[in-house]
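Structure first, then comments.
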Amino acid sequence: MKRIVFLLALSFLVVGVGAATAQTMSYADAISQLADACKSDLAKYCKGVPLGPRLKACFNANQAMMSPQCQQTRAMVYASIARRAAAQRDIGDICSADINRLCGTSHADAHLVECLVSVSPVAMSPACNQAFNDTGWRTERARQ
Amino acid sequence: MKPHHISAVCALILTSALTAAVAQQQINSGQMTNSLAGVSNTQLSLSGAQMRQAALDNIRDYPGAIPPHPLSFPQMANLAQFVVEVDFDFNSAVIKPSSYRTVGAIADALHNPILLSYGFLVIGHTDSVGGRAYNIGLSQRRAEAIRDALIDPFGVNPGVLEAVGLGEEQLRDPAHPTSGVNRRVQLVNVGKKYCFGRSGEQFLCQ
């Protein structure tokens with residue numbers, strides 16, 4: 001029975017990771033999933049370690065001891081954060097042709113995003129659409 | 001203890017846990033973005049170093065266990081800003097995991113394209129527990145801890161962030177100087193930091 005529960009939990013996590021690669025999470029959602037899934041491991045192995053590069057190093061140093069749930073969540077969370085940050089940084093390059101064609105500007109500023117939000121995803125090149133999804137700016141725009 | 005006493009205690013704990021959860025959920029990156037974006041075309045002509053010095057001068061000029069005269073920066077009154085609570089370990093600059101979400105939400109807001117190209121002050125404030133000069137140092141380290149987390153892992157451009165600690169020199173509730181509402185982080189939009197050239201290149205605004 002325990003084994004079944006474990007397998008169920010594992011498959012849940014794998015599905016979770018699969019979903020995360022399809023779409024990035026907000027930074028708030030991502031980091032709070034980490035805080036929740038790793039609560040006891042953080043208190044046990046990384047108490048007093050500041051959020052930032054040193055926390056990442058602490059995870060790496062202690063991962064063998066940490067719960068499988070924490071390890072899985074942590075991999076997914078850091079991947080999502082890195083992917084969103086990269087998309088937000090590189091969107092101007094990835095979408096430059098789309099921006100010229102659809103928005104008539106090459107400035108990587110707020111107007112550009114207003115334009116991309118207004119454009120239908122099917123009008124965008126697949127790479128640009130994927131990068132724009134990864135930025136999370138559609139959902140952030142809806143939150144404002 | 002009789003069973004109904006235990007359940008009463010449980011209910012009490014649950015209620016406070018629930019309140020904490022609701023308070024956390026109220027941090028909305030969209031609201032934060034809007035508050036930080038409502039900007040006039042003003043530039044703050046006040047550096048972090050000048051603010052720190054003003055806080056130290058305030059201790060020298062108005063001595064006392066609790067600041068008899070609050071430090072004020074009239075130049076900042078009209079700037080777009082937002083105040084959040086971030087919990088730290090006691091007497092430490094380590095952000096509690098329960099506040100990770102808040103720091104993530106700040107990152108979500110600062111990455112919003114509307115706020116792209118603006119500079120921000122991350123100002124740390126303490127309550128009146130502890131010495132005033134010590135609190136300036138503690139709040140400085142706390143503001144820096146938030147700035148550092150925004151930069152890594154959240155990828156905020158280091159060039160747009162400046163951390164400042166003002167200790168207890170600007171109590172939010174001077175009538176209750178030890179109250180938790182005094183412990184806070186203030187984000188202030190200090191105006192355009194980066195401008196864009198005709199072909200999209202980024203440079204420091206003059």
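Ordering of the structure tokens sets the chain letters (A, B, ...), residue numbers begin anew at 1 in every chain, and ligands are numbered from 1 in the order given.
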Listing only residues of chain A within 9 Å of chain B, what is the closest atom pair and its distance in Å (to one decimal) for each, using only C-alpha atoms, sorted by chain and residue number ascending, as a tab-separated table?
```
residue	atom	partner	partner_atom	distance
A:Ser26	CA	B:Asp108	CA	6.6
A:Tyr27	CA	B:Gly104	CA	4.7
A:Ala28	CA	B:Gly104	CA	3.9
A:Asp29	CA	B:Arg101	CA	6.8
A:Ala30	CA	B:Gly104	CA	7.8
A:Ile31	CA	B:Arg101	CA	5.9
A:Ser32	CA	B:Arg101	CA	4.9
A:Gln33	CA	B:Arg101	CA	8.6
A:Leu34	CA	B:Tyr100	CA	8.8
A:Ala35	CA	B:Pro97	CA	5.5
A:Asp36	CA	B:Pro97	CA	8.4
A:Lys39	CA	B:Pro97	CA	7.6
A:Leu42	CA	B:Pro97	CA	8.3
A:Gly48	CA	B:Val94	CA	6.0
A:Val49	CA	B:Val94	CA	6.8
A:Pro50	CA	B:Val94	CA	5.1
A:Leu51	CA	B:Ala149	CA	5.8
A:Gly52	CA	B:Ala149	CA	5.0
A:Pro53	CA	B:Asp152	CA	6.5
A:Lys56	CA	B:Pro153	CA	8.8
A:Tyr78	CA	B:Pro153	CA	8.0
A:Ile81	CA	B:Phe154	CA	6.7
A:Ala82	CA	B:Pro153	CA	7.7
A:Ala85	CA	B:Gly155	CA	5.8
A:Ala86	CA	B:Gly155	CA	8.4
A:Gln88	CA	B:His111	CA	7.5
A:Arg89	CA	B:Gly155	CA	8.7
A:Gly92	CA	B:Gly200	CA	8.6
A:Thr105	CA	B:Ser199	CA	8.7
A:Ser106	CA	B:Gly200	CA	5.7
A:His107	CA	B:Gly200	CA	4.4
A:Ala108	CA	B:Gly200	CA	6.1
A:Asp109	CA	B:Pro113	CA	6.1
A:Ala110	CA	B:Pro113	CA	4.7
A:His111	CA	B:Ile114	CA	8.2
A:Leu112	CA	B:Pro113	CA	8.7
A:Val113	CA	B:Pro113	CA	6.9
A:Gly136	CA	B:Asp108	CA	9.0
A:Trp137	CA	B:Asn112	CA	7.0
A:Glu140	CA	B:Gly30	CA	6.3
A:Arg141	CA	B:Gly30	CA	7.4
A:Ala142	CA	B:Gly30	CA	7.9
A:Arg143	CA	B:Gly30	CA	4.7
A:Gln144	CA	B:Gly30	CA	4.0
```
Which residues are near region 61-65 of chain B? Cut-off 12 Å, only C-alpha atoms, ignore same chain within fewer than 2 positions. Put them as a PyMOL selection string. chain B and resi 53-59+67-71+127-135+168-169+177-178
Keeping only N, CA, C and O atoms, take the residues you just selected and write them out as a compact mmCIF listing (two decimals), in the first residue's frame.
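File part-v2.txt, as written:
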```
# COMPACT_ATOMS: atom_id res chain seq x y z
N GLN B 53 22.89 58.91 5.37
CA GLN B 53 23.52 59.96 6.15
C GLN B 53 22.46 60.76 6.90
O GLN B 53 22.64 61.10 8.09
N ALA B 54 21.34 61.05 6.21
CA ALA B 54 20.26 61.81 6.86
C ALA B 54 19.70 61.04 8.06
O ALA B 54 19.37 61.64 9.09
N ALA B 55 19.64 59.70 7.95
CA ALA B 55 19.15 58.89 9.07
C ALA B 55 20.12 58.97 10.25
O ALA B 55 19.71 59.13 11.40
N LEU B 56 21.42 58.91 9.96
CA LEU B 56 22.43 59.02 11.02
C LEU B 56 22.40 60.42 11.65
O LEU B 56 22.50 60.57 12.87
N ASP B 57 22.24 61.44 10.80
CA ASP B 57 22.15 62.82 11.30
C ASP B 57 20.94 62.97 12.22
O ASP B 57 20.98 63.73 13.20
N ASN B 58 19.85 62.27 11.88
CA ASN B 58 18.63 62.36 12.68
C ASN B 58 18.86 61.84 14.10
O ASN B 58 18.32 62.38 15.07
N ILE B 59 19.70 60.80 14.21
CA ILE B 59 20.03 60.27 15.54
C ILE B 59 20.87 61.28 16.32
O ILE B 59 20.64 61.54 17.49
N PRO B 67 12.92 57.85 18.20
CA PRO B 67 13.15 59.14 17.51
C PRO B 67 12.10 60.18 17.89
O PRO B 67 10.91 59.97 17.63
N PRO B 68 12.51 61.31 18.51
CA PRO B 68 11.53 62.33 18.86
C PRO B 68 11.05 63.11 17.63
O PRO B 68 10.03 63.77 17.67
N HIS B 69 11.80 63.00 16.57
CA HIS B 69 11.51 63.75 15.35
C HIS B 69 11.67 62.80 14.16
O HIS B 69 12.78 62.31 13.91
N PRO B 70 10.58 62.53 13.44
CA PRO B 70 10.72 61.56 12.35
C PRO B 70 11.51 62.14 11.17
O PRO B 70 11.39 63.32 10.86
N LEU B 71 12.29 61.29 10.59
CA LEU B 71 13.04 61.66 9.40
C LEU B 71 12.04 61.77 8.24
O LEU B 71 11.19 60.90 8.09
N ASP B 127 11.19 48.28 13.66
CA ASP B 127 10.46 48.88 14.78
C ASP B 127 11.50 49.46 15.75
O ASP B 127 12.69 49.52 15.44
N SER B 128 11.06 49.87 16.93
CA SER B 128 11.97 50.59 17.84
C SER B 128 12.72 49.67 18.79
O SER B 128 13.46 50.15 19.65
N VAL B 129 12.54 48.34 18.62
CA VAL B 129 13.29 47.42 19.49
C VAL B 129 14.75 47.42 19.05
O VAL B 129 15.04 47.23 17.87
N GLY B 130 15.66 47.65 19.99
CA GLY B 130 17.08 47.72 19.64
C GLY B 130 17.53 49.16 19.48
O GLY B 130 16.72 50.07 19.36
N GLY B 131 18.83 49.36 19.50
CA GLY B 131 19.37 50.72 19.40
C GLY B 131 19.12 51.33 18.02
O GLY B 131 19.01 50.61 17.03
N ARG B 132 19.05 52.64 17.96
CA ARG B 132 18.70 53.29 16.70
C ARG B 132 19.80 53.12 15.64
O ARG B 132 19.51 52.83 14.48
N ALA B 133 21.05 53.29 16.06
CA ALA B 133 22.15 53.14 15.09
C ALA B 133 22.24 51.68 14.63
O ALA B 133 22.43 51.40 13.44
N TYR B 134 22.07 50.76 15.59
CA TYR B 134 22.10 49.34 15.24
C TYR B 134 21.00 49.02 14.22
O TYR B 134 21.21 48.27 13.26
N ASN B 135 19.82 49.60 14.44
CA ASN B 135 18.69 49.32 13.56
C ASN B 135 18.91 49.83 12.14
O ASN B 135 18.40 49.24 11.18
N GLU B 168 14.79 52.77 12.53
CA GLU B 168 13.49 53.15 13.10
C GLU B 168 13.24 54.65 12.94
O GLU B 168 12.42 55.24 13.66
N GLU B 169 13.97 55.29 12.02
CA GLU B 169 13.89 56.75 11.92
C GLU B 169 12.60 57.24 11.24
O GLU B 169 12.29 58.42 11.28
N PRO B 177 5.53 52.25 18.79
CA PRO B 177 6.82 52.08 18.10
C PRO B 177 7.32 50.64 17.99
O PRO B 177 8.14 50.37 17.14
N THR B 178 6.79 49.74 18.86
CA THR B 178 7.26 48.35 18.75
C THR B 178 6.31 47.51 17.90
O THR B 178 6.54 46.32 17.71
```
Which residue gives the smallest distance to Met65 (chain A) among A:Asp93, A:Glu114, A:Asp98, A:Asp41, with only C-alpha atoms counted?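 The shortest atom-to-atom distance to Met65 (chain A) comes from A:Asp41.
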Select from region 37-132 of chain A everything DSSP, run on the backbone, classes as helix (DSSP H, G or I), then give the selection as a PyMOL selection string. chain A and resi 37+39-45+53-65+68-94+96-103+110-118+121-123+126-132
Need the shell around Gly159 (chain B): protein/DNA/RNA residues with any atom at most 10 Å away, counting only C-alpha atoms. Skip same-chain ones fewer than 4 positions apart. Format as a ChimeraX atom specification? /B:117-120,151,193-194,204
Taking only C-alpha atoms into account, which of B:Ser179, B:Phe90, B:Ala37, B:Leu171 comes nearest Leu138 (chain B)?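 Using only C-alpha atoms, Leu138 (chain B) sits closest to B:Phe90.
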Smallest atom-to-atom distance to Met76 (chain B): which of B:Leu36, B:Glu162, B:Ser45, B:Ile136, using only C-alpha atoms? B:Ser45
One number please: CA of Ser72 (chain B) to CA of Asp87 (chain B), in Å, one decimal.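 We find that CA of Ser72 (chain B) and CA of Asp87 (chain B) lie 24.4 Å from each other.
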